[in-house]
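Peer 1: Here's a structure for you.
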Amino acid sequence: MLIKVEGTPNPAARRFLLPRQLPLDSPLPFDRAAEDCPPFAARLLGIAGVTELLFARDFISVSSDSSAAPWPDLQFEIVGAIAEALAEGEDAGLDHWSEEPVVRTDPVEEQIAELLRTRIAPRIARDGGSITLLGYRDGVAKVEMRGACGGCPSALMTLKRGVETTLKHYIPELQRVEAALQSDSKKPFWKSMLEARGAKFRSG
């Protein structure tokens, strides 16, 4: 089973190209803080040093921390785990873990989401990452970047020079694009999305 490994702009992440497509319509992230995850993700997160995963249709992005073995050793173990998971059919149920599609009623927000999906997300996927629109309010679009892009040193440059510039070219109403804070990414997606649209929640 051929699984190709590629580097990413993030030195702490690698992109593992799969021999067959996963049953996913949109990227699916998991990390060690996840309270529940599918067996495929649990298998990979059980490897010492692996901290975050991004499952996409054609690849899995894997991030590691400073406690991980050197990448040549770590990726050998990851490739073995991916091959075993695919051989045992653990990819079959991944689609059940996907978020429900977001219903957007604001035409500008819908246009931003469509541009992200069609023009920007494919480029970010080539670097092992994903980008999702959390919301749009008062000229500001808030996005969530996951996978290799989540902790990448060049993520801010990508956000401003790539994402923001492209979106502002097509949408004059847009003033700026902001990334959700790392702590925001640990919240349920629906809560992050509503907060990006201006909703307030009581603490505790």
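Residue names in the structure tokens use chain letters A, B, ... in the order shown, residue numbers from 1 in each chain, and ligand numbers from 1 in the order shown.
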Can you list, as a ChimeraX atom specification, all residues belonging to chain A that DSSP tags as helix (DSSP H, G or I)?

Peer 2: /A:39-45,71-87,94-97,107-125,155-170,184-186,189-196

Peer 1: Just checking: using only C-alpha atoms, which residue out of A:Gly7, A:Gly139, A:Pro23, A:Gly147 ends up closest to Leu174 of chain A?

Peer 2: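 That would be A:Gly139, the residue with the smallest distance to Leu174 of chain A.
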
Peer 1: Which residue is closest to Glu173 of chain A? Choose from A:Gly128, A:Thr51, A:Pro122, A:Pro107 and count only C-alpha atoms.

Peer 2: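 Among the listed residues, A:Pro107 lies closest to Glu173 of chain A.
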
Peer 1: Need the shell around Val140 of chain A: protein/DNA/RNA residues with any atom at most 7 Å away, counting only C-alpha atoms. Skip same-chain ones fewer than 6 positions apart. Format as a list in words?

Peer 2: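 Final neighbour list, sorted by chain and number: Leu174, Gln175, Arg176 and Val177 of chain A.
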
Peer 1: Emit the selected residues as a PDB file, in the first residue's frame, including C-alpha atoms.

Peer 2:
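Heads up, here's the output in selection-v3.pdb:
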```pdb
ATOM      1  CA  LEU A 174     -14.752  43.026   3.138  1.00  0.00           C
ATOM      2  CA  GLN A 175     -12.336  45.049   5.275  1.00  0.00           C
ATOM      3  CA  ARG A 176     -10.153  42.347   6.786  1.00  0.00           C
ATOM      4  CA  VAL A 177      -9.823  38.644   7.571  1.00  0.00           C
TER       5      VAL A 177
END
```

Peer 1: In terms of the shortest atom-to-atom distance over only C-alpha atoms, which of A:Phe76, A:Glu90, A:Gly49, A:Val108 is closest to Arg137 of chain A?

Peer 2: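 Using only C-alpha atoms, Arg137 of chain A sits closest to A:Val108.
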
Peer 1: State, in Å with one decimal place, the distance from atom CA of Asp127 of chain A to atom CA of Ala148 of chain A.

Peer 2: 6.9 Å

Peer 1: Can you work out which one of A:Ile78, A:Ala33, A:Leu28, A:Leu18 has the shortest atom-to-atom distance to Phe59 of chain A, counting only C-alpha atoms?

Peer 2: A:Leu18

Peer 1: Which distance in Å separates atom CA of Val79 of chain A and atom CA of Arg57 of chain A, to one decimal?

Peer 2: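 Separation between atom CA of Val79 of chain A and atom CA of Arg57 of chain A: 16.6 Å.
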
Peer 1: Env of Lys160 of chain A: 10 Å cut, atoms = only C-alpha atoms, seq-sep filter 5 positions within chain, self excluded. Answer as a PDB file with C-alpha atoms, in the first residue's frame.

Peer 2:
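So the final result, stored in selection-v1.pdb, reads:
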```pdb
ATOM      1  CA  ALA A 155       0.218  31.207   8.521  1.00  0.00           C
ATOM      2  CA  THR A 165      -6.031  39.834  -0.710  1.00  0.00           C
ATOM      3  CA  THR A 166      -7.975  37.312  -2.795  1.00  0.00           C
ATOM      4  CA  ARG A 176     -10.153  42.347   6.786  1.00  0.00           C
ATOM      5  CA  VAL A 177      -9.823  38.644   7.571  1.00  0.00           C
ATOM      6  CA  GLU A 178      -8.984  37.417  11.062  1.00  0.00           C
ATOM      7  CA  ALA A 179      -7.994  33.959  12.233  1.00  0.00           C
TER       8      ALA A 179
END
```

Peer 1: Mind checking which residues fall within 9 Å of Ala83 of chain A, counting only C-alpha atoms, ignoring those fewer than 5 positions away in the same chain, and posting them as a list of chain:residue names?

Peer 2: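 Within the cut-off, the hits are A:Met1, A:Leu2, A:Ile3, A:Ile78, A:Glu88.
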
Peer 1: Output as a list in words all residues of segment 74-172 of chain A that backbone DSSP marks as strand (DSSP E or B).

Peer 2: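 Of segment 74-172 of chain A, the ones in strand (DSSP E or B) are Gly129, Ser130, Ile131, Thr132, Leu133, Leu134, Gly135, Tyr136, Arg137, Val140, Ala141, Lys142, Val143, Glu144, Met145, Arg146 and Gly147 of chain A.
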
Peer 1: Hey, which of A:Glu84, A:Glu109, A:Glu144, A:Asp138 ends up closest to Ala121 of chain A? Count only C-alpha atoms.

Peer 2: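 Checking each candidate against Ala121 of chain A, we get A:Glu144 as the closest.
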
Peer 1: Have a look at A:Leu53, A:Asp95, A:Glu35, A:Gly80 and name the one nearest to Leu22 of chain A; count only C-alpha atoms.

Peer 2: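 With only C-alpha atoms as the atom set, the closest residue is A:Asp95.
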
Peer 1: Please compute the atom CA of Arg14 of chain A-atom CA of Ala141 of chain A distance, one decimal, in Å.

Peer 2: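 Computing it gives 28.0 Å between the two atoms.
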
Peer 1: Mind checking which residues fall within 12 Å of Thr118 of chain A, counting only C-alpha atoms, ignoring those fewer than 6 positions away in the same chain, and posting them as a PyMOL selection string?

Peer 2: chain A and resi 111-112+124-125+131-132+166-167

Peer 1: Skip Leu44 of chain A itself and residues of its chain fewer than 5 positions away, then list as a list of chain:residue names all residues within 8 Å of it, counting only C-alpha atoms.

Peer 2: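 The residues satisfying every condition are A:Val50, A:Ile78, A:Ala81, A:Ile82.
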
Peer 1: For the residues in the current selection, export C-alpha atoms as a short mmCIF file (atom, residue, chain, number, x, y, z; two decimals), in the first residue's frame.

Peer 2:
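Generated output (selection_33.cif):
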```
data_model
loop_
_atom_site.label_atom_id
_atom_site.label_comp_id
_atom_site.auth_asym_id
_atom_site.auth_seq_id
_atom_site.Cartn_x
_atom_site.Cartn_y
_atom_site.Cartn_z
CA VAL A 50 1.36 13.17 17.44
CA ILE A 78 2.56 6.87 11.06
CA ALA A 81 -0.57 2.93 11.33
CA ILE A 82 -2.36 4.46 8.33
#
```
